[in-house]
file coords_38.tsv (TSV, C-alpha atoms and all ligand atoms)
chain	number	residue	atom	x	y	z
I	1	MET	CA	-18.74	-29.05	-13.82
I	2	LEU	CA	-17.16	-25.76	-12.75
I	3	LYS	CA	-19.37	-22.84	-11.75
I	4	VAL	CA	-19.03	-19.16	-10.88
I	5	PRO	CA	-18.46	-18.78	-7.12
I	6	ALA	CA	-21.73	-17.76	-5.47
I	7	HIS	CA	-20.03	-15.71	-2.76
I	8	GLN	CA	-17.26	-13.91	-4.60
I	9	VAL	CA	-17.25	-10.24	-3.53
I	10	ALA	CA	-14.31	-8.66	-5.41
I	11	GLY	CA	-11.79	-9.19	-8.21
I	12	HIS	CA	-12.26	-10.53	-11.74
I	13	ARG	CA	-15.52	-12.43	-12.22
I	14	ALA	CA	-16.13	-15.36	-14.54
I	15	ASP	CA	-19.56	-14.21	-15.66
I	16	ARG	CA	-20.61	-12.74	-19.00
I	17	GLY	CA	-17.85	-14.48	-20.95
I	18	LYS	CA	-15.04	-12.98	-18.89
I	19	LEU	CA	-12.02	-14.67	-17.37
I	20	GLY	CA	-12.38	-15.35	-13.66
I	21	PRO	CA	-12.30	-18.00	-10.96
I	22	ARG	CA	-14.70	-20.93	-10.67
I	23	VAL	CA	-15.40	-23.62	-8.11
I	24	ASP	CA	-16.19	-27.34	-8.28
I	25	ASP	CA	-18.49	-29.49	-6.13
I	26	SER	CA	-15.70	-30.86	-3.98
I	27	GLY	CA	-14.57	-27.61	-2.33
I	28	ARG	CA	-11.90	-26.42	-4.75
I	29	PHE	CA	-11.48	-22.89	-6.13
I	30	TYR	CA	-9.81	-22.54	-9.55
I	31	LYS	CA	-8.20	-19.13	-10.11
I	32	PRO	CA	-6.89	-18.52	-13.65
I	33	LEU	CA	-3.24	-17.58	-13.71
I	34	GLN	CA	-2.79	-14.08	-15.02
I	35	GLY	CA	-0.59	-14.48	-18.11
I	36	ASP	CA	2.04	-12.01	-16.95
I	37	GLU	CA	4.35	-11.98	-13.94
I	38	ARG	CA	1.35	-11.76	-11.58
I	39	GLY	CA	0.33	-15.36	-12.25
I	40	ALA	CA	3.90	-16.58	-11.85
I	41	ARG	CA	4.27	-14.63	-8.60
I	42	GLU	CA	1.07	-16.06	-7.13
I	43	VAL	CA	2.16	-19.66	-7.89
I	44	ALA	CA	5.65	-18.94	-6.56
I	45	PHE	CA	4.15	-17.59	-3.36
I	46	TYR	CA	1.83	-20.57	-2.76
I	47	THR	CA	4.61	-23.03	-3.59
I	48	SER	CA	7.07	-21.41	-1.22
I	49	PHE	CA	4.57	-20.65	1.56
I	50	SER	CA	2.97	-24.12	1.62
I	51	SER	CA	6.36	-25.73	2.24
I	52	ASP	CA	7.73	-23.03	4.55
I	53	THR	CA	8.40	-24.82	7.86
I	54	LYS	CA	8.93	-21.47	9.62
I	55	VAL	CA	5.23	-20.62	9.31
I	56	PRO	CA	3.38	-21.94	12.38
I	57	ASN	CA	0.09	-23.83	11.94
I	58	HIS	CA	-1.91	-21.17	13.77
I	59	ILE	CA	-0.84	-18.77	10.97
I	60	SER	CA	-1.00	-21.06	7.92
I	61	ARG	CA	-4.67	-21.72	8.80
I	62	PHE	CA	-5.35	-18.13	7.72
I	63	PHE	CA	-4.36	-19.00	4.13
I	64	PRO	CA	-6.30	-21.12	1.61
I	65	LYS	CA	-4.93	-24.63	1.17
I	66	PHE	CA	-2.94	-24.96	-2.06
I	67	TYR	CA	-3.44	-27.94	-4.39
I	68	GLY	CA	-0.99	-26.99	-7.15
I	69	THR	CA	-1.84	-25.82	-10.65
I	70	GLN	CA	-4.03	-27.48	-13.23
I	71	LEU	CA	-4.98	-26.94	-16.87
I	72	VAL	CA	-8.69	-26.13	-16.93
I	73	GLU	CA	-11.07	-24.83	-19.60
I	74	ALA	CA	-11.03	-21.04	-19.12
I	75	SER	CA	-14.32	-19.27	-18.29
I	76	ASP	CA	-13.96	-16.85	-21.23
I	77	GLY	CA	-13.92	-19.66	-23.79
I	78	SER	CA	-10.24	-19.16	-24.63
I	79	GLY	CA	-9.41	-22.86	-24.17
I	80	MET	CA	-7.35	-24.77	-21.63
I	81	LYS	CA	-5.50	-22.38	-19.32
I	82	PRO	CA	-3.39	-22.95	-16.17
I	83	HIS	CA	-5.28	-22.29	-12.95
I	84	VAL	CA	-4.09	-22.25	-9.38
I	85	VAL	CA	-6.18	-24.75	-7.40
I	86	LEU	CA	-7.11	-23.61	-3.90
I	87	GLN	CA	-9.41	-24.48	-1.07
I	88	ASP	CA	-12.84	-22.91	-1.70
I	89	LEU	CA	-13.11	-20.76	1.41
I	90	THR	CA	-16.90	-20.49	1.40
I	91	PHE	CA	-17.55	-24.12	0.47
I	92	SER	CA	-19.04	-25.25	3.78
I	93	ARG	CA	-21.00	-22.05	4.34
I	94	VAL	CA	-24.67	-21.57	3.49
I	95	ASN	CA	-25.39	-17.82	3.45
I	96	PRO	CA	-22.13	-16.18	4.47
I	97	SER	CA	-21.64	-12.49	5.03
I	98	VAL	CA	-18.27	-11.74	3.42
I	99	MET	CA	-16.06	-8.66	3.30
I	100	ASP	CA	-12.86	-8.27	1.23
I	101	ILE	CA	-10.46	-5.73	2.75
I	102	LYS	CA	-7.36	-4.84	0.75
I	103	ILE	CA	-4.54	-4.19	3.21
I	104	GLY	CA	-1.77	-1.60	2.91
I	105	SER	CA	-1.63	2.06	2.01
I	106	ARG	CA	0.43	1.06	-1.04
I	107	THR	CA	-0.79	-1.67	-3.36
I	108	TRP	CA	2.17	-2.06	-5.71
I	109	GLY	CA	5.37	-3.93	-5.09
I	110	PRO	CA	9.02	-3.03	-5.59
I	111	GLU	CA	9.43	-4.45	-9.09
I	112	GLU	CA	6.29	-3.20	-10.84
I	113	SER	CA	6.06	-1.27	-14.10
I	114	ALA	CA	5.49	2.49	-14.19
I	115	ASP	CA	2.01	1.89	-15.64
I	116	GLN	CA	1.06	-0.51	-12.83
I	117	ILE	CA	2.32	1.97	-10.22
I	118	GLN	CA	0.28	4.80	-11.74
I	119	LYS	CA	-2.86	2.64	-11.88
I	120	CYS	CA	-2.48	1.48	-8.27
I	121	LEU	CA	-1.56	4.92	-6.95
I	122	LYS	CA	-4.72	6.37	-8.48
I	123	LYS	CA	-6.88	3.67	-6.83
I	124	ASP	CA	-5.03	4.12	-3.50
I	125	ARG	CA	-5.57	7.89	-3.57
I	126	GLU	CA	-9.22	7.64	-4.55
I	127	SER	CA	-10.00	5.08	-1.88
I	128	SER	CA	-9.29	4.95	1.86
I	129	SER	CA	-6.01	3.06	1.27
I	130	LEU	CA	-3.76	6.11	1.60
I	131	SER	CA	-5.58	7.61	4.55
I	132	LEU	CA	-6.39	4.43	6.53
I	133	GLY	CA	-3.95	1.81	5.25
I	134	PHE	CA	-6.77	-0.38	3.97
I	135	ARG	CA	-9.83	-0.21	1.74
I	136	LEU	CA	-13.00	-2.21	1.42
I	137	SER	CA	-12.81	-3.95	-1.97
I	138	GLY	CA	-16.19	-5.66	-1.94
I	139	MET	CA	-18.74	-7.17	0.42
I	140	GLN	CA	-22.04	-8.95	0.84
I	141	ILE	CA	-24.19	-9.07	3.95
I	142	PHE	CA	-26.89	-11.67	4.37
I	143	GLY	CA	-30.23	-10.19	5.36
I	144	THR	CA	-33.01	-12.75	5.47
I	145	LYS	CA	-34.14	-15.63	3.25
I	146	GLU	CA	-36.66	-13.24	1.70
I	147	SER	CA	-34.38	-10.24	1.13
I	148	GLY	CA	-31.20	-12.19	0.27
I	149	PHE	CA	-27.86	-10.40	0.29
I	150	TRP	CA	-27.05	-6.71	0.43
I	151	LYS	CA	-24.15	-6.18	-1.95
I	152	PRO	CA	-22.95	-2.62	-2.58
I	153	GLU	CA	-21.56	-1.68	-5.95
I	154	LYS	CA	-17.82	-2.30	-6.20
I	155	LYS	CA	-16.82	1.09	-7.58
I	156	TRP	CA	-18.77	2.90	-4.88
I	157	ILE	CA	-17.44	0.87	-1.98
I	158	GLN	CA	-13.88	1.59	-3.09
I	159	SER	CA	-14.44	5.33	-3.01
I	160	ILE	CA	-16.03	5.81	0.41
I	161	SER	CA	-14.88	8.08	3.25
I	162	THR	CA	-13.46	7.06	6.62
I	163	ASP	CA	-16.85	7.50	8.32
I	164	GLU	CA	-18.51	5.32	5.70
I	165	VAL	CA	-15.84	2.63	6.12
I	166	ARG	CA	-16.60	2.63	9.86
I	167	LEU	CA	-20.30	2.50	9.16
I	168	LEU	CA	-19.97	-0.48	6.80
I	169	LEU	CA	-17.83	-2.35	9.33
I	170	LYS	CA	-20.75	-1.80	11.74
I	171	LYS	CA	-23.44	-2.65	9.22
I	172	PHE	CA	-21.61	-5.91	8.48
I	173	VAL	CA	-22.43	-7.12	12.01
I	174	SER	CA	-25.90	-5.56	12.33
I	175	SER	CA	-29.26	-7.31	12.31
I	176	ASP	CA	-31.04	-5.29	9.62
I	177	THR	CA	-29.20	-4.60	6.33
I	178	SER	CA	-31.76	-1.98	5.33
I	179	ALA	CA	-31.66	0.00	8.58
I	180	LEU	CA	-30.06	3.40	8.19
I	181	LYS	CA	-28.45	3.19	11.63
I	182	PRO	CA	-26.58	-0.06	12.32
I	183	ASP	CA	-27.35	-1.76	15.65
I	184	CYS	CA	-24.12	-3.84	15.78
I	185	ALA	CA	-26.26	-6.69	17.21
I	186	PHE	CA	-23.70	-9.36	16.28
I	187	ALA	CA	-20.53	-7.37	16.98
I	188	SER	CA	-19.72	-9.16	20.22
I	189	ILE	CA	-20.06	-12.66	18.75
I	190	VAL	CA	-18.47	-11.92	15.36
I	191	TYR	CA	-15.77	-9.38	16.12
I	192	GLY	CA	-15.41	-10.14	19.85
I	193	GLY	CA	-14.66	-13.24	21.93
I	194	SER	CA	-11.62	-15.51	22.13
I	195	LYS	CA	-12.36	-16.99	18.67
I	196	GLY	CA	-13.75	-13.84	17.09
I	197	ILE	CA	-12.35	-11.76	14.24
I	198	LEU	CA	-10.48	-9.29	16.46
I	199	SER	CA	-8.68	-12.10	18.22
I	200	GLN	CA	-7.73	-13.67	14.86
I	201	LEU	CA	-6.50	-10.32	13.54
I	202	LEU	CA	-4.34	-9.91	16.64
I	203	GLU	CA	-2.82	-13.35	16.08
I	204	LEU	CA	-2.03	-12.40	12.50
I	205	LYS	CA	-0.56	-9.08	13.67
I	206	ALA	CA	1.78	-10.85	16.11
I	207	TRP	CA	3.16	-12.89	13.19
I	208	PHE	CA	3.57	-9.80	11.01
I	209	GLU	CA	5.52	-8.12	13.81
I	210	ASP	CA	8.16	-10.84	13.40
I	211	GLN	CA	8.06	-12.25	9.90
I	212	THR	CA	10.46	-10.78	7.35
I	213	SER	CA	10.17	-13.43	4.60
I	214	TYR	CA	7.28	-12.02	2.60
I	215	HIS	CA	5.96	-8.58	1.66
I	216	PHE	CA	2.27	-8.68	0.81
I	217	PHE	CA	1.10	-5.92	-1.53
I	218	ALA	CA	-2.54	-5.69	-2.68
I	219	CYS	CA	-3.40	-8.73	-0.61
I	220	SER	CA	-6.85	-8.93	1.02
I	221	ILE	CA	-8.23	-10.14	4.30
I	222	LEU	CA	-11.59	-11.88	3.82
I	223	MET	CA	-13.85	-11.65	6.89
I	224	MET	CA	-16.70	-14.15	6.97
I	225	PHE	CA	-19.47	-15.28	9.29
I	226	GLU	CA	-23.01	-16.68	9.21
I	227	LYS	CA	-25.81	-14.63	10.64
I	228	GLU	CA	-28.35	-17.46	10.50
I	229	LEU	CA	-26.26	-19.57	12.88
I	230	ALA	CA	-26.18	-16.67	15.33
I	231	LEU	CA	-29.98	-16.38	15.14
I	232	GLU	CA	-30.22	-20.10	16.03
I	233	GLY	CA	-28.10	-19.40	19.12
I	234	LYS	CA	-25.00	-21.06	17.63
I	235	SER	CA	-21.57	-19.63	16.89
I	236	PRO	CA	-21.68	-17.66	13.61
I	237	CYS	CA	-18.24	-19.17	12.75
I	238	PRO	CA	-16.35	-15.90	12.35
I	239	GLU	CA	-13.22	-16.39	10.29
I	240	ILE	CA	-10.51	-14.41	8.53
I	241	LYS	CA	-8.52	-15.64	5.51
I	242	LEU	CA	-5.90	-13.98	3.33
I	243	VAL	CA	-6.30	-14.03	-0.45
I	244	ASP	CA	-4.63	-12.64	-3.59
I	245	PHE	CA	-0.89	-13.09	-3.67
I	246	ALA	CA	-0.15	-11.77	-7.16
I	247	HIS	CA	1.94	-9.00	-5.62
I	248	VAL	CA	3.91	-10.81	-2.92
I	249	PHE	CA	7.66	-10.15	-2.93
I	250	GLU	CA	10.58	-11.44	-0.88
I	251	GLY	CA	10.89	-9.67	2.44
I	252	ARG	CA	14.71	-9.93	2.57
I	253	GLY	CA	14.89	-9.56	6.32
I	254	VAL	CA	12.67	-6.45	6.47
I	255	ILE	CA	9.38	-6.14	8.34
I	256	ASP	CA	6.34	-5.70	6.06
I	257	HIS	CA	5.51	-2.22	7.39
I	258	ASN	CA	2.95	-1.59	4.67
I	259	PHE	CA	0.81	-4.61	5.55
I	260	LEU	CA	1.42	-4.28	9.29
I	261	GLY	CA	0.37	-0.62	9.28
I	262	GLY	CA	-2.88	-1.39	7.48
I	263	LEU	CA	-3.60	-4.34	9.75
I	264	CYS	CA	-3.10	-2.19	12.89
I	265	SER	CA	-5.45	0.40	11.47
I	266	LEU	CA	-8.14	-2.21	10.74
I	267	ILE	CA	-7.69	-3.62	14.25
I	268	LYS	CA	-8.28	-0.17	15.71
I	269	PHE	CA	-11.57	0.20	13.79
I	270	ILE	CA	-12.83	-3.23	14.90
I	271	SER	CA	-11.75	-2.63	18.51
I	272	GLU	CA	-13.58	0.68	18.60
I	273	ILE	CA	-16.77	-0.93	17.32
I	274	LEU	CA	-16.55	-3.41	20.18
I	275	THR	CA	-15.90	-0.79	22.83
I	276	THR	CA	-18.16	2.01	21.54
I	277	PRO	CA	-20.78	0.53	19.17
I	278	GLU	CA	-23.04	3.53	19.76
I	279	ASP	CA	-20.43	6.10	18.71
I	280	SER	CA	-22.44	8.88	17.08
I	281	THR	CA	-19.73	9.95	14.60
I	282	THR	CA	-21.23	7.40	12.23
I	283	ASN	CA	-24.75	8.28	11.28
I	284	VAL	CA	-26.46	7.19	8.12
I	285	LEU	CA	-25.02	6.06	4.85
I	286	VAL	CA	-26.71	8.64	2.66
I	287	GLU	CA	-25.65	7.11	-0.62
I	288	ASP	CA	-26.84	3.70	0.43
I	289	ALA	CA	-30.11	3.46	-1.41
I	290	HIS	CA	-28.64	4.67	-4.69
I	291	ARG	CA	-25.47	2.69	-4.84
I	292	SER	CA	-26.38	-0.78	-3.72
I	293	HIS	CA	-28.52	-3.59	-4.86
I	294	VAL	CA	-29.92	-6.62	-3.18
I	295	TYR	CA	-29.93	-9.97	-4.85
I	296	PRO	CA	-31.87	-12.97	-3.68
I	297	GLU	CA	-30.41	-15.89	-1.81
I	298	ASN	CA	-28.40	-18.01	-4.28
I	299	GLY	CA	-28.85	-15.30	-6.89
I	300	SER	CA	-25.96	-13.81	-8.83
I	301	ALA	CA	-24.22	-10.54	-8.10
I	401	LIG	O1	-9.45	-5.12	-13.62
I	401	LIG	P1	-9.97	-4.21	-12.58
I	401	LIG	O2	-9.98	-2.78	-12.96
I	401	LIG	O3	-11.26	-4.67	-11.97
I	401	LIG	O4	-8.88	-4.21	-11.42
I	401	LIG	C1	-8.57	-5.34	-10.63
I	401	LIG	C2	-8.91	-5.01	-9.21
I	401	LIG	O5	-10.28	-4.88	-9.15
I	401	LIG	P2	-10.98	-3.58	-8.57
I	401	LIG	O6	-11.79	-3.05	-9.68
I	401	LIG	O7	-9.92	-2.61	-8.10
I	401	LIG	O8	-11.78	-4.18	-7.44
I	401	LIG	C3	-8.51	-6.11	-8.26
I	401	LIG	O9	-8.80	-5.69	-6.95
I	401	LIG	P3	-9.63	-6.65	-5.93
I	401	LIG	O10	-8.88	-7.91	-5.83
I	401	LIG	O11	-10.99	-6.73	-6.51
I	401	LIG	O12	-9.65	-5.88	-4.67
I	401	LIG	C4	-7.01	-6.34	-8.35
I	401	LIG	O13	-6.36	-5.19	-7.88
I	401	LIG	C5	-6.60	-6.63	-9.78
I	401	LIG	O14	-5.22	-6.56	-9.86
I	401	LIG	P4	-4.30	-7.82	-9.58
I	401	LIG	O15	-4.91	-8.97	-10.28
I	401	LIG	O16	-4.30	-7.98	-8.09
I	401	LIG	O17	-3.01	-7.35	-10.13
I	401	LIG	C6	-7.12	-5.60	-10.77
I	401	LIG	O18	-6.92	-6.16	-12.05
I	401	LIG	P5	-6.06	-5.56	-13.20
I	401	LIG	O19	-6.85	-4.46	-13.80
I	401	LIG	O20	-4.76	-5.06	-12.61
I	401	LIG	O21	-5.87	-6.72	-14.12
I	402	LIG	N1	-9.78	-19.49	-2.16
I	402	LIG	C1	-10.91	-18.79	-2.29
I	402	LIG	N2	-12.09	-19.36	-1.94
I	402	LIG	C2	-13.26	-18.67	-2.08
I	402	LIG	N3	-13.34	-17.42	-2.55
I	402	LIG	C3	-12.18	-16.81	-2.92
I	402	LIG	C4	-10.92	-17.46	-2.80
I	402	LIG	N4	-9.97	-16.61	-3.25
I	402	LIG	C5	-10.61	-15.49	-3.63
I	402	LIG	N5	-11.94	-15.60	-3.43
I	402	LIG	C6	-12.98	-14.62	-3.78
I	402	LIG	O1	-12.59	-13.98	-4.98
I	402	LIG	C7	-12.40	-12.58	-4.77
I	402	LIG	C8	-11.24	-12.12	-5.61
I	402	LIG	O2	-10.09	-12.87	-5.31
I	402	LIG	P1	-8.64	-12.35	-5.73
I	402	LIG	O3	-7.68	-13.45	-5.46
I	402	LIG	O4	-8.40	-11.04	-5.06
I	402	LIG	O5	-8.81	-12.14	-7.30
I	402	LIG	P2	-8.26	-11.00	-8.28
I	402	LIG	O6	-6.80	-11.33	-8.47
I	402	LIG	O7	-9.10	-11.18	-9.49
I	402	LIG	O8	-8.46	-9.68	-7.61
I	402	LIG	C9	-12.26	-12.41	-3.28
I	402	LIG	O9	-12.75	-11.16	-2.88
I	402	LIG	C10	-13.14	-13.53	-2.74
I	402	LIG	O10	-14.50	-13.12	-2.71
call {"tool": "encode", "arguments": {"input": "coords_38.tsv", "output": "structure tokens"}}
result
Amino acid sequence: MLKVPAHQVAGHRADRGKLGPRVDDSGRFYKPLQGDERGAREVAFYTSFSSDTKVPNHISRFFPKFYGTQLVEASDGSGMKPHVVLQDLTFSRVNPSVMDIKIGSRTWGPEESADQIQKCLKKDRESSSLSLGFRLSGMQIFGTKESGFWKPEKKWIQSISTDEVRLLLKKFVSSDTSALKPDCAFASIVYGGSKGILSQLLELKAWFEDQTSYHFFACSILMMFEKELALEGKSPCPEIKLVDFAHVFEGRGVIDHNFLGGLCSLIKFISEILTTPEDSTTNVLVEDAHRSHVYPENGSA
């Protein structure tokens, strides 16, 4: 029996009769193929990437495993539809904090329609994409068993300023989701360390400095970890994964400057949080109380 992913933070959702991804009980994530060229492009990417012998294992681990395509009953009741079958990235996690960061100042590819370009350009301008080279697309932060997750509204998170982006990157690794000033209590064990998120981002960056096979537009980095493990004195299992390849195009021997630029910018933000967590340029998130809602553990978004 397929169900709506409990920890999905962005993109199309399969609730309320809409078309969206679902998961099974064995760790697989079923993403409906968009009927136009986007679906075809995503399948083409996974097919090519999963058999690309030039991609080293320490890089392919940042991508969901690909199990082909399958006809599955669509979540909107429209009948059997092709889905791309992927590894469910949050399958083994209990109460993960998750952030979806869309990378690149430009989120449309070279062969897109004028309408698609206009739509993307508007979102890029109205978000931090143009100014920072990335935007937060969605997130959830686990608080406690009693309070559940803090999950800001999607439209708000995509319209925030540079200072608010910095503040949310801090809040993501802080102990109290309701505190107005983040304490960055988990920054060193989530962002820092030889297996932390910064180190993984730097590994990814080194690959992007060389690879010229793929250009990733509108692709996201998912950052995940588990606060409860940290509170038990264990590793919070910080991890990055890339998702959403509906706008991947052939690189044709050219560096993916758009993705690389956004990745470098994100790296700078994370590095600064590690070196100066007390930086006073980020104060309180004034809109916070109005624009977010908390839903209980295992509740729906
Ligand atoms: O449908 P919307 O307005 O939610 O837009 C989708 C975006 O959601 P957003 O509201 O920006 O978080 C969505 O963004 P996220 O993945 O949520 O960051 C995609 O950009 C999606 O386009 P595509 O499937 O990648 O071509 C977008 O889908 P399309 O509208 O292009 O089908
Ligand atoms: N393989 C996966 N496993 C678990 N969650 C995923 C996976 N792929 C995507 N997600 C979740 O779904 C969200 C939207 O995914 P995405 O591929 O960007 O969809 P869309 O094309 O609808 O924007 C991500 O933010 C993430 O929370």
call {"tool": "closest_residue", "arguments": {"input": "coords_38.tsv", "among": "I:Asn95, I:Thr276, I:Ser75, I:Gln70", "to": "Gln140 of chain I", "atoms": "all atoms listed in the file"}}
result
I:Asn95
call {"tool": "residues_around", "arguments": {"input": "coords_38.tsv", "residues": "Tyr191 of chain I", "least_positions_apart": "5", "cutoff": "8 Å", "atoms": "all atoms listed in the file", "output": "ChimeraX atom specification"}}
result
/I:186,196-199,238,270,274
call {"tool": "closest_residue", "arguments": {"input": "coords_38.tsv", "among": "I:Arg93, I:Lys123, I:Lys31, I:Lys81", "to": "ligand LIG 401 (chain I)", "atoms": "all atoms listed in the file"}}
result
I:Lys123
call {"tool": "residues_near_ligand", "arguments": {"input": "coords_38.tsv", "ligand": "ligand LIG 402 (chain I)", "cutoff": "9 Å", "atoms": "only C-alpha atoms and all ligand atoms", "output": "PDB file with C-alpha atoms, keeping the file's coordinate frame"}}
result
ATOM      1  CA  PRO I   5     -18.460 -18.780  -7.120  1.00  0.00           C
ATOM      2  CA  ALA I   6     -21.730 -17.760  -5.470  1.00  0.00           C
ATOM      3  CA  HIS I   7     -20.030 -15.710  -2.760  1.00  0.00           C
ATOM      4  CA  GLN I   8     -17.260 -13.910  -4.600  1.00  0.00           C
ATOM      5  CA  VAL I   9     -17.250 -10.240  -3.530  1.00  0.00           C
ATOM      6  CA  ALA I  10     -14.310  -8.660  -5.410  1.00  0.00           C
ATOM      7  CA  GLY I  11     -11.790  -9.190  -8.210  1.00  0.00           C
ATOM      8  CA  HIS I  12     -12.260 -10.530 -11.740  1.00  0.00           C
ATOM      9  CA  ARG I  13     -15.520 -12.430 -12.220  1.00  0.00           C
ATOM     10  CA  GLY I  20     -12.380 -15.350 -13.660  1.00  0.00           C
ATOM     11  CA  PRO I  21     -12.300 -18.000 -10.960  1.00  0.00           C
ATOM     12  CA  ARG I  22     -14.700 -20.930 -10.670  1.00  0.00           C
ATOM     13  CA  VAL I  23     -15.400 -23.620  -8.110  1.00  0.00           C
ATOM     14  CA  GLY I  27     -14.570 -27.610  -2.330  1.00  0.00           C
ATOM     15  CA  ARG I  28     -11.900 -26.420  -4.750  1.00  0.00           C
ATOM     16  CA  PHE I  29     -11.480 -22.890  -6.130  1.00  0.00           C
ATOM     17  CA  TYR I  30      -9.810 -22.540  -9.550  1.00  0.00           C
ATOM     18  CA  LYS I  31      -8.200 -19.130 -10.110  1.00  0.00           C
ATOM     19  CA  PRO I  32      -6.890 -18.520 -13.650  1.00  0.00           C
ATOM     20  CA  LEU I  33      -3.240 -17.580 -13.710  1.00  0.00           C
ATOM     21  CA  GLN I  34      -2.790 -14.080 -15.020  1.00  0.00           C
ATOM     22  CA  ARG I  38       1.350 -11.760 -11.580  1.00  0.00           C
ATOM     23  CA  PHE I  63      -4.360 -19.000   4.130  1.00  0.00           C
ATOM     24  CA  PRO I  64      -6.300 -21.120   1.610  1.00  0.00           C
ATOM     25  CA  LYS I  65      -4.930 -24.630   1.170  1.00  0.00           C
ATOM     26  CA  PHE I  66      -2.940 -24.960  -2.060  1.00  0.00           C
ATOM     27  CA  VAL I  85      -6.180 -24.750  -7.400  1.00  0.00           C
ATOM     28  CA  LEU I  86      -7.110 -23.610  -3.900  1.00  0.00           C
ATOM     29  CA  GLN I  87      -9.410 -24.480  -1.070  1.00  0.00           C
ATOM     30  CA  ASP I  88     -12.840 -22.910  -1.700  1.00  0.00           C
ATOM     31  CA  LEU I  89     -13.110 -20.760   1.410  1.00  0.00           C
ATOM     32  CA  THR I  90     -16.900 -20.490   1.400  1.00  0.00           C
ATOM     33  CA  PHE I  91     -17.550 -24.120   0.470  1.00  0.00           C
ATOM     34  CA  VAL I  98     -18.270 -11.740   3.420  1.00  0.00           C
ATOM     35  CA  MET I  99     -16.060  -8.660   3.300  1.00  0.00           C
ATOM     36  CA  ASP I 100     -12.860  -8.270   1.230  1.00  0.00           C
ATOM     37  CA  ILE I 101     -10.460  -5.730   2.750  1.00  0.00           C
ATOM     38  CA  LYS I 102      -7.360  -4.840   0.750  1.00  0.00           C
ATOM     39  CA  SER I 137     -12.810  -3.950  -1.970  1.00  0.00           C
ATOM     40  CA  GLY I 138     -16.190  -5.660  -1.940  1.00  0.00           C
ATOM     41  CA  MET I 139     -18.740  -7.170   0.420  1.00  0.00           C
ATOM     42  CA  ALA I 218      -2.540  -5.690  -2.680  1.00  0.00           C
ATOM     43  CA  CYS I 219      -3.400  -8.730  -0.610  1.00  0.00           C
ATOM     44  CA  SER I 220      -6.850  -8.930   1.020  1.00  0.00           C
ATOM     45  CA  ILE I 221      -8.230 -10.140   4.300  1.00  0.00           C
ATOM     46  CA  LEU I 222     -11.590 -11.880   3.820  1.00  0.00           C
ATOM     47  CA  LYS I 241      -8.520 -15.640   5.510  1.00  0.00           C
ATOM     48  CA  LEU I 242      -5.900 -13.980   3.330  1.00  0.00           C
ATOM     49  CA  VAL I 243      -6.300 -14.030  -0.450  1.00  0.00           C
ATOM     50  CA  ASP I 244      -4.630 -12.640  -3.590  1.00  0.00           C
ATOM     51  CA  PHE I 245      -0.890 -13.090  -3.670  1.00  0.00           C
ATOM     52  CA  ALA I 246      -0.150 -11.770  -7.160  1.00  0.00           C
TER      53      ALA I 246
END
call {"tool": "closest_residue", "arguments": {"input": "coords_38.tsv", "among": "I:Asp24, I:Glu126, I:Asp176, I:Asp115", "to": "Ser161 of chain I", "atoms": "all atoms listed in the file"}}
result
I:Glu126
call {"tool": "atom_distance", "arguments": {"input": "coords_38.tsv", "atom1": "atom CA of Gly251 of chain I", "atom2": "atom CA of Phe269 of chain I"}}
result
27.0 Å
call {"tool": "closest_residue", "arguments": {"input": "coords_38.tsv", "among": "I:Ser129, I:Gly17, I:Asp25, I:Asp76", "to": "ligand LIG 401 (chain I)", "atoms": "only C-alpha atoms and all ligand atoms"}}
result
I:Ser129
call {"tool": "closest_residue", "arguments": {"input": "coords_38.tsv", "among": "I:Met80, I:Ala114, I:Leu168, I:Cys120", "to": "ligand LIG 401 (chain I)", "atoms": "all atoms listed in the file"}}
result
I:Cys120
call {"tool": "closest_residue", "arguments": {"input": "coords_38.tsv", "among": "I:Asp256, I:Glu278, I:Glu272, I:Glu153", "to": "Gly109 of chain I", "atoms": "all atoms listed in the file"}}
result
I:Asp256
call {"tool": "atom_distance", "arguments": {"input": "coords_38.tsv", "atom1": "atom CA of His247 of chain I", "atom2": "atom O19 of ligand LIG 401 (chain I)"}}
result
12.8 Å
